[in-house]
>>> print(open('start-v3.cif').read())   # mmCIF, C-alpha atoms
data_upload
#
loop_
_atom_site.label_atom_id
_atom_site.label_comp_id
_atom_site.auth_asym_id
_atom_site.auth_seq_id
_atom_site.Cartn_x
_atom_site.Cartn_y
_atom_site.Cartn_z
CA MET A 140 149.79 51.66 178.96
CA ALA A 141 148.14 54.94 178.13
CA ASN A 142 150.40 57.98 178.24
CA LEU A 143 149.55 60.42 181.07
CA ILE A 144 150.10 63.47 178.84
CA SER A 145 147.79 62.02 176.19
CA ILE A 146 145.07 61.39 178.78
CA LYS A 147 145.43 64.97 180.06
CA ARG A 148 144.95 66.29 176.55
CA ARG A 149 141.87 64.14 176.05
CA VAL A 150 140.40 65.41 179.33
CA ARG A 151 141.06 69.00 178.28
CA THR A 152 139.45 68.40 174.90
CA ALA A 153 136.38 66.83 176.48
CA GLN A 154 136.11 69.78 178.86
CA ASN A 155 136.20 72.24 175.96
CA VAL A 156 133.54 70.26 174.13
CA SER A 157 131.41 70.24 177.28
CA LYS A 158 131.68 74.02 177.60
CA THR A 159 130.73 74.51 173.95
CA THR A 160 127.72 72.21 174.05
CA LYS A 161 126.58 73.74 177.34
CA ALA A 162 126.73 77.22 175.80
CA MET A 163 124.75 76.06 172.75
CA GLN A 164 122.20 74.44 175.04
CA MET A 165 121.72 77.69 176.95
CA ILE A 166 121.39 79.72 173.74
CA ALA A 167 118.74 77.34 172.39
CA ALA A 168 116.91 77.42 175.72
CA SER A 169 116.87 81.23 175.69
CA LYS A 170 115.35 81.23 172.18
CA LEU A 171 112.90 78.45 172.94
CA LYS A 172 110.47 80.46 175.07
CA LYS A 173 110.05 83.27 172.54
CA ALA A 174 109.68 80.78 169.69
CA GLU A 175 107.13 78.74 171.64
CA ASP A 176 105.04 81.84 172.40
CA ALA A 177 105.04 82.88 168.74
CA ALA A 178 104.23 79.46 167.27
CA LEU A 179 101.63 78.32 169.78
CA SER A 180 99.85 81.68 169.94
CA SER A 181 99.38 81.75 166.16
CA ARG A 182 97.95 78.22 165.97
CA PRO A 183 94.41 79.24 167.09
CA TYR A 184 94.42 82.08 164.55
CA VAL A 185 95.37 79.74 161.70
CA GLU A 186 92.74 77.22 162.81
CA LYS A 187 90.04 79.90 162.95
CA LEU A 188 91.15 81.30 159.60
CA THR A 189 90.90 77.81 158.13
CA SER A 190 87.41 77.36 159.57
CA VAL A 191 86.17 80.71 158.21
CA SER A 192 87.68 80.05 154.78
CA ARG A 193 86.12 76.60 154.73
CA ASN A 194 82.67 77.89 155.63
CA ILE A 195 82.70 80.67 153.06
CA SER A 196 84.01 78.37 150.33
CA LYS A 197 80.98 76.12 150.92
CA LYS A 198 78.71 78.97 149.83
CA ILE A 199 80.51 79.46 146.51
CA ASP A 200 79.29 77.62 143.43
CA LYS A 201 81.75 75.14 141.99
CA ASP A 202 81.70 77.05 138.72
CA ASN A 203 82.86 80.24 140.50
CA LEU A 204 85.79 78.81 142.43
CA ILE A 205 88.90 80.98 142.54
CA GLU A 206 92.12 79.89 140.80
CA TYR A 207 93.72 78.77 144.05
CA MET A 208 90.99 76.13 144.41
CA LYS A 209 91.09 74.78 140.85
CA VAL A 210 93.27 71.94 139.63
CA PRO A 211 95.30 73.18 136.64
CA LYS A 212 94.62 71.25 133.47
CA ASP A 213 97.12 70.04 130.89
CA THR A 214 99.99 70.20 133.36
CA SER A 215 101.86 67.85 135.66
CA GLY A 216 104.51 67.92 138.33
CA SER A 217 104.64 69.34 141.83
CA LEU A 218 106.28 72.25 143.58
CA MET A 219 107.75 71.31 146.95
CA ILE A 220 108.57 73.88 149.62
CA LEU A 221 111.10 72.31 151.98
CA VAL A 222 111.72 74.13 155.26
CA ALA A 223 114.77 73.18 157.34
CA PRO A 224 117.24 74.95 159.65
CA ASP A 225 120.38 76.70 158.48
CA LYS A 226 122.51 74.86 161.03
CA GLY A 227 122.79 71.30 162.23
CA LEU A 228 123.47 69.89 165.70
CA CYS A 229 119.74 69.49 166.30
CA GLY A 230 119.39 65.75 166.67
CA GLY A 231 117.50 63.85 163.99
CA LEU A 232 115.44 66.86 162.85
CA VAL A 233 117.07 67.21 159.42
CA THR A 234 117.31 63.45 158.91
CA ASN A 235 113.60 63.01 159.57
CA LEU A 236 112.77 65.71 157.02
CA ALA A 237 114.95 63.95 154.45
CA ARG A 238 113.22 60.66 155.20
CA MET A 239 109.80 62.25 154.73
CA LEU A 240 110.89 63.73 151.40
CA LEU A 241 112.25 60.35 150.29
CA ILE A 242 108.84 58.77 150.87
CA PHE A 243 107.18 61.56 148.89
CA THR A 244 109.56 61.30 145.94
CA LYS A 245 108.82 57.59 145.53
CA GLU A 246 105.25 58.48 144.58
CA ASN A 247 105.97 61.77 142.79
CA LYS A 248 108.78 61.86 140.27
CA LYS A 249 108.55 65.31 138.66
CA ILE A 250 109.23 67.78 141.48
CA SER A 251 110.58 71.31 141.59
CA TYR A 252 111.89 72.61 144.90
CA VAL A 253 111.82 75.85 146.84
CA THR A 254 114.21 75.47 149.76
CA VAL A 255 114.16 77.48 152.97
CA GLY A 256 117.31 76.86 154.99
CA LYS A 257 120.81 75.69 154.12
CA LYS A 258 120.12 72.17 155.35
CA ALA A 259 117.18 72.02 152.93
CA ASN A 260 119.63 72.71 150.10
CA GLY A 261 121.73 69.78 151.23
CA ILE A 262 118.72 67.48 151.29
CA VAL A 263 117.64 68.48 147.77
CA ARG A 264 121.16 67.94 146.43
CA LEU A 265 121.00 64.36 147.70
CA PHE A 266 117.88 63.81 145.60
CA ALA A 267 119.37 65.65 142.60
CA GLY A 268 116.27 67.84 142.53
CA ASP A 269 115.63 70.96 140.47
CA THR A 270 115.86 73.93 142.86
CA VAL A 271 113.76 76.86 141.69
CA ALA A 272 114.73 79.23 144.49
CA SER A 273 116.61 79.10 147.77
CA PHE A 274 116.16 81.20 150.91
CA ASP A 275 118.09 81.37 154.17
CA PHE A 276 116.13 80.33 157.22
CA GLY A 277 118.09 82.49 159.64
CA THR A 278 118.95 82.10 163.29
CA THR A 279 116.26 84.42 164.67
CA LEU A 280 112.49 84.20 164.81
CA PRO A 281 111.16 84.28 161.20
CA SER A 282 109.42 87.49 160.20
CA TYR A 283 106.20 87.62 158.19
CA ASP A 284 108.04 89.37 155.34
CA THR A 285 109.76 86.06 154.57
CA VAL A 286 106.48 84.72 153.21
CA TYR A 287 106.04 87.22 150.36
CA PRO A 288 108.90 86.16 148.03
CA ILE A 289 107.99 82.50 148.53
CA MET A 290 104.34 83.19 147.68
CA THR A 291 105.45 85.07 144.56
CA ILE A 292 107.17 81.92 143.30
CA VAL A 293 104.15 79.81 144.27
CA ASP A 294 101.87 82.11 142.28
CA ASP A 295 104.18 81.99 139.28
CA TYR A 296 104.26 78.20 139.20
CA PHE A 297 100.71 77.35 140.21
CA LEU A 298 98.72 80.17 138.67
CA GLY A 299 101.05 80.05 135.67
CA LYS A 300 100.10 76.36 135.32
CA LYS A 301 103.66 75.12 135.51
CA VAL A 302 102.79 72.61 138.23
CA GLN A 303 99.67 70.76 139.23
CA ASP A 304 99.98 71.10 143.00
CA VAL A 305 102.12 72.64 145.74
CA TYR A 306 103.28 70.90 148.92
CA ILE A 307 105.21 72.00 151.98
CA ILE A 308 107.34 69.86 154.29
CA ASN A 309 108.34 71.16 157.70
CA SER A 310 108.86 70.01 161.28
CA ASN A 311 105.86 70.19 163.59
CA PHE A 312 106.41 70.90 167.29
CA ASN A 313 104.69 68.45 169.63
CA SER A 314 106.79 68.97 172.74
CA VAL A 315 110.37 69.64 173.73
CA PHE A 316 111.02 65.91 173.36
CA SER A 317 109.04 65.32 170.16
CA GLN A 318 109.20 67.07 166.78
CA THR A 319 107.75 65.27 163.78
CA PRO A 320 108.06 66.03 160.05
CA VAL A 321 104.74 66.78 158.36
CA ILE A 322 103.67 67.36 154.79
CA HIS A 323 100.78 69.61 153.80
CA LYS A 324 99.15 70.10 150.44
CA LEU A 325 99.13 73.86 150.04
CA LEU A 326 97.54 74.11 146.58
CA PRO A 327 95.01 73.59 145.17
CA VAL A 328 93.16 74.60 148.31
CA SER A 329 90.67 71.98 149.39
CA PHE A 330 88.85 71.82 152.71
CA ASP A 331 87.42 68.79 154.43
CA LEU A 332 83.79 69.85 154.48
CA GLU A 333 82.58 66.94 156.57
CA ASP A 334 84.20 67.99 159.83
CA SER A 335 83.74 71.73 159.36
CA GLN A 336 81.66 73.75 161.76
CA ALA A 337 79.24 75.14 159.25
CA ILE A 338 77.55 78.49 159.73
CA ASN A 339 73.99 77.69 160.74
CA GLY A 340 71.16 79.69 159.24
CA LYS A 341 71.62 82.63 156.95
CA ALA A 342 74.66 84.84 157.11
CA LEU A 343 75.20 88.18 155.44
CA PHE A 344 78.65 89.10 154.15
CA GLU A 345 79.94 92.53 153.32
CA PRO A 346 81.40 92.45 150.76
CA SER A 347 79.86 89.37 149.13
CA GLU A 348 81.34 85.89 149.37
CA ASP A 349 82.69 86.06 145.81
CA VAL A 350 84.61 89.24 146.62
CA LEU A 351 85.71 88.17 150.09
CA LEU A 352 86.97 84.68 149.30
CA PRO A 353 90.02 85.46 147.06
CA GLY A 354 91.67 87.74 149.62
CA LEU A 355 90.76 85.39 152.45
CA ILE A 356 92.26 82.36 150.70
CA ARG A 357 95.38 84.35 149.88
CA HIS A 358 95.80 85.32 153.54
CA TYR A 359 95.10 81.71 154.54
CA LEU A 360 97.96 80.49 152.31
CA GLU A 361 100.35 83.10 153.68
CA MET A 362 99.50 82.23 157.28
CA ARG A 363 99.77 78.51 156.58
CA LEU A 364 103.25 79.06 155.18
CA TYR A 365 104.27 81.39 158.00
CA GLN A 366 103.02 78.89 160.59
CA SER A 367 105.26 76.26 158.98
CA LEU A 368 108.25 78.56 159.40
CA LEU A 369 107.40 79.19 163.06
CA GLU A 370 106.89 75.48 163.76
CA THR A 371 110.24 74.61 162.17
CA TYR A 372 112.08 77.32 164.10
CA LEU A 373 110.53 76.17 167.37
CA SER A 374 111.31 72.53 166.58
CA GLU A 375 114.91 73.47 165.78
CA GLN A 376 115.45 75.19 169.13
CA ALA A 377 113.83 72.37 171.10
CA ALA A 378 115.77 69.67 169.24
CA ARG A 379 119.07 71.53 169.58
CA MET A 380 118.58 72.18 173.28
CA LEU A 381 117.90 68.49 173.91
CA ALA A 382 120.75 67.33 171.66
CA MET A 383 123.26 69.68 173.30
CA GLN A 384 122.10 68.63 176.76
CA ASN A 385 122.74 64.99 175.86
CA ALA A 386 126.11 65.93 174.36
CA THR A 387 127.07 67.80 177.54
CA ASP A 388 126.10 64.82 179.71
CA ASN A 389 128.08 62.45 177.47
CA ALA A 390 131.12 64.74 177.60
CA LYS A 391 130.98 64.80 181.40
CA GLU A 392 130.81 61.00 181.49
CA ILE A 393 133.85 60.79 179.23
CA ILE A 394 135.71 63.24 181.48
CA GLU A 395 134.98 61.11 184.56
CA GLU A 396 136.13 57.96 182.77
CA LEU A 397 139.33 59.65 181.58
CA ARG A 398 140.06 60.99 185.06
CA LEU A 399 139.60 57.51 186.49
CA LEU A 400 141.95 56.12 183.82
CA TYR A 401 144.44 58.90 184.53
CA ASN A 402 144.48 58.19 188.28
CA LYS A 403 144.72 54.46 187.69
CA THR A 404 147.59 54.88 185.22
CA ARG A 405 149.39 57.34 187.50
CA GLN A 406 149.06 55.02 190.50
CA GLU A 407 150.30 52.10 188.44
CA LYS A 408 153.30 54.13 187.31
CA ILE A 409 154.12 55.14 190.89
CA THR A 410 153.80 51.53 192.07
CA ASN A 411 156.20 50.34 189.33
CA GLU A 412 158.73 53.00 190.31
CA ILE A 413 158.55 51.94 193.96
CA LEU A 414 159.03 48.31 192.95
CA ASP A 415 162.06 49.26 190.87
CA ILE A 416 163.58 51.13 193.83
CA SER A 417 162.78 48.30 196.25
CA GLY A 418 164.17 45.73 193.87
CA GLY A 419 167.41 47.69 193.51
CA MET A 420 168.02 47.49 197.25
CA TYR A 421 168.23 43.69 197.14
CA ALA A 422 170.16 43.48 193.92
CA PRO A 423 173.62 41.85 194.29
CA VAL A 424 176.49 44.31 194.35
#
>>> encode(input="start-v3.cif", output="structure tokens")
Amino acid sequence: MANLISIKRRVRTAQNVSKTTKAMQMIAASKLKKAEDAALSSRPYVEKLTSVSRNISKKIDKDNLIEYMKVPKDTSGSLMILVAPDKGLCGGLVTNLARMLLIFTKENKKISYVTVGKKANGIVRLFAGDTVASFDFGTTLPSYDTVYPIMTIVDDYFLGKKVQDVYIINSNFNSVFSQTPVIHKLLPVSFDLEDSQAINGKALFEPSEDVLLPGLIRHYLEMRLYQSLLETYLSEQAARMLAMQNATDNAKEIIEELRLLYNKTRQEKITNEILDISGGMYAPV
């Protein structure tokens, strides 16, 4: 028979867990709206920037492509930028990122890593990868300044011809109930020219396309990286809010079950005591 004191302690513990998970759910919900506004409002800008960069790159001769669009020769290997939260308790978000990286490493053996987020460090350690640099993801909305040190490392490895290509893995926000890991090839920059909305007729550029394209591509890379940070932050808040809501509901169910067990055990104990008293009345003297 379960001890009444033990059941009381378990109820108290479940109540404390419920309060903690409820508080974490509310914190994530309060951050979700601001993160959603930032990530979703920047998506059209990134899409338009991609379209403009694609259209201008079509007007550049293949012999005059900038370094960001050329495949380095006499080099191999990849640089992987892995973006993950600093904290856990966000459902399967981190696990899905690790699964995506596992699929990638089966096809690409020589990989150097730039990690953003403490959970990203843990994932890379599982794969025994070579970590070039590590950055904290933070618990607030990522600022644009976070992009600059990462791009410095990207320039050093890609333009320095230490790697052949650069990829980025992050979580993409679909809805509050769905966040999927995605992988993008950041460098060398290549646009799908078939589905681009080409500029019809003649267009004049000031300055010329050759002068405009390098700065435009650089800004495109920075925004692509920053958008990945925003998407991961938004996905983290949505996943944590949902996970903590489920944890709170489960804790409440456990509390109800324990209270039912407590009442049942208490009633059984009282009944046994009454039987003992009643039985003593008829016992021979």
>>> resolve_selection(input="start-v3.cif", expression="the PyMOL selection byres ((chain A and resi 260) around 10)", output="list in words")
Leu221, Val222, Ala223, Asp225, Tyr252, Val253, Thr254, Val255, Gly256, Lys257, Lys258, Ala259, Gly261, Ile262, Val263, Arg264, Leu265, Gly268, Thr270, Ala272, Ser273, Phe274 and Asp275 of chain A
>>> resolve_selection(input="start-v3.cif", expression="the PyMOL selection byres ((chain A and resi 155-163) around 9)", output="list in words")
Val150, Arg151, Thr152, Ala153, Gln154, Gln164, Met165, Ile166, Ala167, Ala168, Arg379, Met380, Ala382, Met383, Gln384, Asn385, Ala386, Thr387, Asp388, Asn389, Ala390 and Lys391 of chain A
>>> closest_residue(input="start-v3.cif", among="A:Lys226, A:Lys408, A:Lys300, A:His358", to="Val286 in chain A", atoms="all atoms listed in the file")
A:His358
>>> closest_residue(input="start-v3.cif", among="A:Arg357, A:Asn194, A:Pro211, A:Met219", to="Tyr306 in chain A", atoms="only C-alpha atoms")
A:Met219
>>> atom_distance(input="start-v3.cif", atom1="CA of Glu246 in chain A", atom2="CA of Val321 in chain A")
16.1 Å
>>> closest_residue(input="start-v3.cif", among="A:Val271, A:Leu399, A:Tyr359, A:Ile322", to="Tyr296 in chain A", atoms="all atoms listed in the file")
A:Val271
>>> atom_distance(input="start-v3.cif", atom1="CA of Leu351 in chain A", atom2="CA of Lys187 in chain A")
15.9 Å
>>> closest_residue(input="start-v3.cif", among="A:Arg363, A:Lys249, A:Lys198, A:Arg149", to="Val328 in chain A", atoms="all atoms listed in the file")
A:Arg363
>>> resolve_selection(input="start-v3.cif", expression="the PyMOL selection byres ((chain A and resi 311) around 12)", output="VMD selection string")
chain A and resid 175 178 to 179 182 222 to 223 232 235 to 236 307 to 310 312 to 323 366 to 375 377 to 378
>>> atom_distance(input="start-v3.cif", atom1="CA of Ser329 in chain A", atom2="CA of Leu188 in chain A")
13.8 Å
>>> residues_around(input="start-v3.cif", residues="Asn247 in chain A", least_positions_apart="5", cutoff="12 Å", atoms="only C-alpha atoms", output="MDAnalysis selection string")
chainID A and resid 215:219 240:242 268 303:306
>>> closest_residue(input="start-v3.cif", among="A:Leu397, A:Lys324, A:Asp349, A:Leu364", to="Lys201 in chain A", atoms="all atoms listed in the file")
A:Asp349
>>> closest_residue(input="start-v3.cif", among="A:Ser196, A:Gln376, A:Gln406, A:Thr291", to="Gly227 in chain A", atoms="all atoms listed in the file")
A:Gln376
